[in-house]
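**Q** Provided herewith: start-v6.txt, compact mmCIF, C-alpha atoms.
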# COMPACT_ATOMS: atom_id res chain seq x y z
CA MET T 1 -9.67 36.69 -7.95
CA ARG T 2 -7.63 36.03 -4.83
CA GLY T 3 -7.72 32.30 -5.57
CA MET T 4 -6.50 32.94 -9.09
CA LEU T 5 -3.61 35.10 -7.85
CA VAL T 6 -2.61 32.44 -5.34
CA ALA T 7 -2.84 29.82 -8.07
CA LEU T 8 -0.60 31.87 -10.34
CA ALA T 9 1.84 32.46 -7.50
CA LEU T 10 2.03 28.77 -6.67
CA ALA T 11 2.37 27.85 -10.32
CA GLY T 12 5.20 30.34 -10.58
CA MET T 13 6.94 28.62 -7.69
CA GLY T 14 6.73 25.35 -9.51
CA PHE T 15 3.73 23.86 -7.75
CA GLY T 16 0.89 22.43 -9.74
CA VAL T 17 -2.56 23.77 -9.17
CA ALA T 18 -4.78 21.18 -10.80
CA LEU T 19 -8.04 20.76 -8.99
CA ALA T 20 -8.66 17.11 -8.34
CA GLY T 21 -11.34 15.39 -6.29
CA GLU T 22 -11.64 15.84 -2.52
CA GLY T 23 -9.17 13.22 -1.40
CA ALA T 24 -11.15 10.32 -2.85
CA ASP T 25 -9.38 6.96 -2.50
CA GLY T 26 -6.28 8.52 -1.00
CA ALA T 27 -5.83 11.03 -3.83
CA HIS T 28 -4.56 14.50 -3.03
CA PRO T 29 -7.59 16.80 -2.61
CA HIS T 30 -6.24 19.49 -4.92
CA PHE T 31 -3.60 18.20 -7.25
CA LYS T 32 -2.88 15.08 -9.23
CA ASP T 33 0.33 13.45 -8.05
CA GLN T 34 -0.36 10.47 -10.31
CA GLY T 35 -0.84 8.26 -7.28
CA VAL T 36 2.72 8.73 -6.01
CA LEU T 37 1.46 9.08 -2.44
CA HIS T 38 -1.63 8.02 -0.57
CA TRP T 39 -3.03 11.21 1.00
CA ASP T 40 -5.00 11.52 4.21
CA THR T 41 -6.52 14.70 5.52
CA SER T 42 -6.23 14.09 9.26
CA LEU T 43 -3.06 13.59 11.28
CA ALA T 44 -4.48 10.58 13.11
CA ASP T 45 -5.36 8.84 9.83
CA ALA T 46 -2.00 9.66 8.26
CA LEU T 47 -0.07 8.30 11.26
CA LYS T 48 -2.21 5.17 11.18
CA THR T 49 -1.56 4.65 7.46
CA ALA T 50 2.15 5.30 7.96
CA ALA T 51 2.35 2.73 10.75
CA LYS T 52 0.49 0.19 8.66
CA GLU T 53 2.75 0.71 5.66
CA ASN T 54 5.95 1.24 7.65
CA LYS T 55 6.41 4.70 6.15
CA LEU T 56 6.81 8.32 7.22
CA VAL T 57 4.19 11.06 7.08
CA LEU T 58 4.85 13.92 4.68
CA ILE T 59 2.78 16.89 5.82
CA GLU T 60 1.89 19.39 3.16
CA TYR T 61 0.41 22.43 4.88
CA GLY T 62 -0.81 25.01 2.44
CA ARG T 63 -3.64 26.74 0.72
CA GLU T 64 -5.94 25.51 -1.99
CA ALA T 65 -5.22 27.40 -5.17
CA MET R 1 4.53 19.54 -4.42
CA GLU R 2 2.86 18.15 -7.52
CA ARG R 3 5.69 18.72 -9.98
CA THR R 4 8.36 17.79 -7.49
CA LEU R 5 6.68 14.58 -6.36
CA THR R 6 5.97 13.45 -9.90
CA ALA R 7 9.50 14.12 -11.18
CA ASP R 8 11.08 10.90 -12.43
CA ALA R 9 14.00 11.13 -10.03
CA VAL R 10 11.74 11.64 -7.03
CA ARG R 11 8.55 9.64 -7.45
CA ASP R 12 9.75 6.14 -6.56
CA ARG R 13 11.78 7.26 -3.56
CA ALA R 14 8.93 9.41 -2.28
CA ALA R 15 6.40 6.61 -2.76
CA GLU R 16 8.63 4.21 -0.84
CA LEU R 17 9.14 6.64 2.04
CA PHE R 18 5.90 8.53 2.57
CA VAL R 19 2.21 8.67 3.00
CA GLY R 20 0.84 12.20 2.62
CA LEU R 21 -1.09 14.43 4.96
CA LYS R 22 -2.76 17.37 3.22
CA SER R 23 -3.57 20.10 5.71
CA GLU R 24 -5.40 23.25 4.64
CA CYS R 25 -4.22 26.38 6.39
CA ASP R 26 -7.48 28.23 5.60
CA ALA R 27 -9.94 25.45 6.29
CA PRO R 28 -12.23 26.13 9.26
CA ASN R 29 -11.84 22.58 10.52
CA GLN R 30 -8.09 22.55 9.97
CA GLU R 31 -6.25 20.64 12.66
CA ALA R 32 -4.70 23.01 15.18
CA GLU R 33 -2.20 20.34 16.15
CA VAL R 34 -0.64 20.30 12.68
CA ALA R 35 -0.40 24.10 12.45
CA LYS R 36 1.09 24.30 15.95
CA LEU R 37 3.68 21.62 15.17
CA LEU R 38 4.78 23.33 11.96
CA ARG R 39 4.99 26.75 13.64
CA GLU R 40 7.17 25.25 16.37
CA LYS R 41 9.43 23.29 14.06
CA LEU R 42 9.71 25.85 11.27
CA PRO R 43 10.05 29.14 13.18
CA GLY R 44 10.01 32.16 10.90
CA ALA R 45 8.84 30.18 7.89
CA GLY R 46 6.77 32.42 5.65
CA THR R 47 6.31 30.80 2.27
CA LEU R 48 3.68 28.16 1.72
CA PRO R 49 3.57 25.27 1.57
CA PHE R 50 5.11 24.21 4.86
CA ILE R 51 6.42 20.69 4.64
CA GLY R 52 7.04 18.44 7.62
CA VAL R 53 8.10 14.83 7.89
CA LEU R 54 7.10 12.69 10.87
CA THR R 55 7.74 9.12 11.87
CA ALA R 56 4.65 6.94 12.22
CA ASP R 57 4.81 7.50 15.97
CA GLY R 58 4.78 11.27 15.47
CA LYS R 59 8.45 12.23 15.85
CA TRP R 60 9.62 15.20 13.81
CA VAL R 61 12.29 14.20 11.27
CA HIS R 62 12.67 17.07 8.84
CA GLY R 63 10.89 20.06 7.37
CA PHE R 64 11.10 23.15 5.18
CA SER R 65 8.93 25.85 3.72
CA GLY R 66 8.35 26.93 0.16
CA HIS R 67 9.15 25.34 -3.15
CA ARG R 68 11.74 22.60 -3.60
CA SER R 69 13.05 21.59 -6.99
CA PRO R 70 13.41 17.84 -7.54
CA ASP R 71 17.17 18.09 -6.88
CA GLN R 72 16.63 20.01 -3.66
CA PHE R 73 13.97 17.57 -2.58
CA LEU R 74 16.29 14.63 -3.30
CA ALA R 75 18.81 16.21 -0.92
CA ASP R 76 16.02 16.40 1.67
CA LEU R 77 15.29 12.72 1.09
CA ASP R 78 18.94 11.88 1.69
CA LYS R 79 18.83 13.71 5.02
CA ILE R 80 15.58 11.97 5.96
CA ASP R 81 16.94 8.57 4.98
CA ALA R 82 20.00 9.11 7.14
CA SER R 83 18.02 10.08 10.23
CA PRO R 84 18.47 7.70 13.17
CA LEU R 85 14.86 8.46 14.07
CA LEU R 86 13.85 6.07 11.31
CA ASP R 87 15.56 3.17 13.04
CA ALA R 88 13.65 0.88 15.34
CA SER R 89 14.21 1.44 19.05
CA PRO R 90 16.31 -1.20 20.89
CA ALA R 91 13.13 -2.64 22.42
CA THR R 92 11.50 -2.88 18.97
CA VAL R 93 14.65 -4.43 17.51
CA LYS R 94 14.40 -7.23 20.08
CA LYS R 95 10.78 -7.82 19.13
CA LEU R 96 11.55 -7.74 15.41
CA GLU R 97 14.39 -10.22 15.82
CA LYS R 98 12.10 -12.59 17.71
CA ILE R 99 9.45 -12.24 15.02
CA ALA R 100 12.00 -12.83 12.26
CA ALA R 101 13.22 -15.99 13.98
CA ALA R 102 9.62 -17.21 14.26
CA ALA R 103 9.02 -16.45 10.59
CA GLU R 104 12.09 -18.40 9.52
CA LYS R 105 11.12 -21.35 11.69
CA ALA R 106 7.59 -21.33 10.32
CA LEU R 107 8.91 -21.11 6.77
CA ALA R 108 11.16 -24.11 7.30
CA LYS R 109 8.19 -26.10 8.63
CA GLN R 110 5.90 -24.78 5.87
CA GLN R 111 3.56 -23.36 8.51
CA TRP R 112 2.27 -20.62 6.27
CA SER R 113 -0.26 -19.12 8.67
CA LYS R 114 2.53 -18.58 11.19
CA VAL R 115 4.63 -16.86 8.52
CA PHE R 116 1.76 -14.43 7.89
CA LYS R 117 1.20 -13.99 11.60
CA ALA R 118 4.83 -12.92 11.87
CA GLU R 119 4.39 -10.55 8.93
CA SER R 120 1.38 -9.00 10.57
CA ALA R 121 3.17 -8.67 13.93
CA ALA R 122 6.16 -6.96 12.28
CA ALA R 123 3.83 -4.54 10.49
CA LYS R 124 2.51 -3.35 13.85
CA LEU R 125 5.97 -2.25 14.96
CA ILE R 126 7.57 1.03 13.97
CA GLY R 127 11.09 1.59 12.76
CA ARG R 128 13.63 0.15 10.37
CA HIS R 129 15.66 -2.95 11.04
CA ALA R 130 17.19 -5.68 8.90
CA SER R 131 14.96 -8.28 10.60
CA ARG R 132 12.07 -6.89 8.58
CA ASN R 133 13.73 -8.18 5.41
CA THR R 134 13.79 -11.68 6.87
CA VAL R 135 10.08 -11.49 7.64
CA SER R 136 9.23 -10.04 4.22
CA ALA R 137 11.31 -12.69 2.46
CA ALA R 138 9.55 -15.48 4.38
CA ALA R 139 6.13 -14.05 3.50
CA ALA R 140 7.16 -13.67 -0.14
CA LYS R 141 8.27 -17.31 -0.26
CA ALA R 142 4.99 -18.41 1.30
CA ARG R 143 3.07 -16.43 -1.30
CA GLY R 144 5.23 -17.97 -4.00
CA VAL R 145 4.26 -21.44 -2.82
CA ALA R 146 0.59 -20.49 -2.90
CA GLU R 147 0.91 -18.96 -6.34
CA SER R 148 2.64 -22.02 -7.68
CA GLY R 149 -0.12 -24.29 -6.35
CA LEU R 150 -2.85 -22.05 -7.70
CA SER R 151 -1.23 -21.91 -11.13
CA LYS R 152 -0.81 -25.66 -11.24
CA ALA R 153 -4.45 -26.17 -10.27
CA TYR R 154 -5.57 -23.69 -12.91
CA ASP R 155 -3.54 -25.39 -15.63
CA ALA R 156 -4.98 -28.76 -14.66
CA LEU R 157 -8.55 -27.46 -14.77
CA ALA R 158 -7.99 -25.49 -17.98
CA GLY R 159 -6.31 -28.50 -19.61
CA GLY R 160 -9.32 -30.69 -18.90
CA GLU R 161 -7.35 -33.00 -16.63
CA THR R 162 -9.11 -34.84 -13.85
CA ARG R 163 -10.46 -32.35 -11.36
CA ASP R 164 -9.68 -34.45 -8.30
CA GLU R 165 -6.01 -33.58 -8.05
CA ALA R 166 -6.62 -29.86 -8.65
CA ARG R 167 -9.41 -29.87 -6.12
CA LYS R 168 -7.19 -31.54 -3.54
CA THR R 169 -4.45 -28.94 -4.08
CA LEU R 170 -6.95 -26.12 -3.83
CA TYR R 171 -8.45 -27.52 -0.67
CA GLN R 172 -5.01 -27.71 0.94
CA LEU R 173 -4.20 -24.16 -0.16
CA SER R 174 -7.52 -22.81 1.09
CA LYS R 175 -6.81 -24.30 4.50
CA ALA R 176 -3.12 -23.39 4.70
CA PHE R 177 -3.66 -19.81 3.49
CA ARG R 178 -6.96 -19.10 5.25
CA GLY R 179 -7.38 -15.39 5.88
CA GLN R 180 -5.01 -14.48 3.04
CA PRO R 181 -5.98 -13.49 -0.53
CA GLU R 182 -4.38 -16.74 -1.75
CA GLY R 183 -6.68 -18.74 0.53
CA ASP R 184 -9.71 -16.92 -0.86
CA GLU R 185 -8.51 -17.58 -4.39
CA ALA R 186 -8.11 -21.28 -3.62
CA ALA R 187 -11.59 -21.44 -2.11
CA ALA R 188 -12.99 -19.79 -5.25
CA GLY R 189 -11.04 -22.34 -7.29
CA ILE R 190 -12.81 -25.21 -5.55
CA LYS R 191 -16.16 -23.68 -6.45
CA ALA R 192 -14.99 -23.13 -10.01
CA SER R 193 -13.90 -26.74 -10.24
CA ASP R 194 -17.30 -27.90 -9.03
CA ARG R 195 -19.01 -25.60 -11.51
CA LEU R 196 -16.95 -27.06 -14.36
CA GLY R 197 -18.18 -30.49 -13.34
CA ARG R 198 -21.81 -29.38 -13.36
CA LEU R 199 -21.38 -27.66 -16.73
CA ALA R 200 -20.41 -30.95 -18.28
CA GLU R 201 -23.76 -32.36 -17.23
CA ILE R 202 -25.79 -29.51 -18.71
CA ALA R 203 -27.53 -30.05 -22.05
CA GLU R 204 -25.44 -28.76 -24.96
CA GLU R 205 -27.93 -26.02 -25.95
CA HIS R 206 -27.81 -24.45 -22.46
CA ARG R 207 -24.09 -24.77 -21.92
CA ALA R 208 -22.95 -21.48 -23.48
CA ALA R 209 -25.34 -19.45 -21.33
CA ALA R 210 -24.29 -21.37 -18.23
CA ARG R 211 -20.60 -20.75 -19.01
CA ALA R 212 -21.26 -17.03 -19.46
CA LYS R 213 -23.08 -16.91 -16.14
CA ALA R 214 -20.23 -18.71 -14.40
CA ALA R 215 -17.67 -16.35 -15.98
CA THR R 216 -19.57 -13.42 -14.47
CA GLU R 217 -19.77 -15.05 -11.07
CA PHE R 218 -16.04 -15.73 -10.99
CA ALA R 219 -15.05 -12.33 -12.39
CA GLY R 220 -12.09 -10.87 -10.53
CA THR R 221 -10.53 -14.29 -9.97
CA ARG R 222 -8.24 -16.29 -12.26
CA TRP R 223 -10.99 -18.91 -12.50
CA ALA R 224 -13.25 -16.75 -14.70
CA LYS R 225 -11.10 -17.63 -17.69
CA LEU R 226 -11.99 -21.28 -17.29
CA PHE R 227 -15.44 -20.38 -18.56
CA THR R 228 -14.48 -18.05 -21.38
CA GLU R 229 -11.62 -19.85 -23.10
Take the structure in this file and express it as structure tokens.
**A**
Amino acid sequence: MRGMLVALALAGMGFGVALAGEGADGAHPHFKDQGVLHWDTSLADALKTAAKENKLVLIEYGREA
Amino acid sequence: MERTLTADAVRDRAAELFVGLKSECDAPNQEAEVAKLLREKLPGAGTLPFIGVLTADGKWVHGFSGHRSPDQFLADLDKIDASPLLDASPATVKKLEKIAAAAEKALAKQQWSKVFKAESAAAKLIGRHASRNTVSAAAAKARGVAESGLSKAYDALAGGETRDEARKTLYQLSKAFRGQPEGDEAAAGIKASDRLGRLAEIAEEHRAAARAKAATEFAGTRWAKLFTE
């Protein structure tokens, strides 16, 4: 129930709540961003990927809907 | 961030700028370092998600909490883009300039492995600088040369021309581009050329099966088509 309320709240704020796979192949663990970003789930991995690709790290700190 | 990141106006810019780090605030194994950083940098933030942007060497660039519309997020991207933190440090600039000079020299001498060595060295350094464009352009030209040679060799083999010239080109490419995908493709091309030669010696009734087998073995390379067309 709590999860559903959070999901509705996030959806209301304009954030998608699709449940995707658990970060497989760099996908976001919880939503489908259509492959816009490669997602890591640890800071060390994300910094490593960013250095390799000459990019920045976008941290999304939140709660699974 | 799903809707914002996938908005037409945002997606390409975001993809060019970022890799993502998803951090779960409720997960038992959630990284304390990330939570601590966001609490420090976004004091008083109360609405999830918290968003932070770091350089690849961990410097804080920008952040916010809560929802951002695509337009708001584009304004964030402008601020991020303008940050001097994204620029290479003076020490890194020196290194990048040296690497770029080496890449240009190698390109002029057609020393492809040195061009890729420069590309790899530049990729290990953090920060923006125009010298990177020089290195990327040199690597792109080197790849163009390889692609041109590979295409020519393919056309020769597909057109039933003598295999010797194609094989020679492929051998040179496999050596010059060793360690690169183009070198692997050239090496596979040599094997494909040899296989074509052996196919010609196979009895007519077994040839179709042998071609099908070869097509499977070369799947994932341009050479597979030599056995199916």
**Q** With distances taken over only C-alpha atoms, which of R:Gly220, R:Gly189, R:Gly20, R:Pro181 is nearest to Gly26 of chain T?
**A**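 The shortest atom-to-atom distance to Gly26 of chain T comes from R:Gly20.
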**Q** With a distance threshold of 7 Å and counting only C-alpha atoms, extract the residues of chain R near chain T and express them as number ranges by chain.
**A** R: 1-3, 5-6, 11, 15, 17-26, 48-57, 67, 123-124, 126
**Q** List the spatial neighbours of Ser113 of chain R as a compact mmCIF listing (two decimals) with C-alpha atoms, in the frame of the given file - criterion: any atom at most 9 Å away, all atoms listed in the file, same-chain residues fewer than 5 positions off excluded.
**A**
# COMPACT_ATOMS: atom_id res chain seq x y z
CA ALA R 106 7.59 -21.33 10.32
CA ALA R 118 4.83 -12.92 11.87
CA ALA R 176 -3.12 -23.39 4.70
CA PHE R 177 -3.66 -19.81 3.49
CA ARG R 178 -6.96 -19.10 5.25
CA GLY R 179 -7.38 -15.39 5.88
CA GLN R 180 -5.01 -14.48 3.04
**Q** Expressed in Å to a single decimal, how great is the separation between atom CA of Ala214 of chain R and atom CA of Lys191 of chain R?
**A**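 Computing the Euclidean distance for atom CA of Ala214 of chain R and atom CA of Lys191 of chain R yields 10.2 Å.
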**Q** Measuring between only C-alpha atoms, which one of R:Ala139, R:Leu150, R:Leu38, R:Ala166 shows the shortest distance to Leu107 of chain R?
**A**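 Of the candidates, the smallest distance to Leu107 of chain R is held by R:Ala139.
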**Q** Rounded to one decimal place, report the atom CA of Thr4 of chain R-atom CA of Gln72 of chain R distance in Å.
**A**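 Separation between atom CA of Thr4 of chain R and atom CA of Gln72 of chain R: 9.4 Å.
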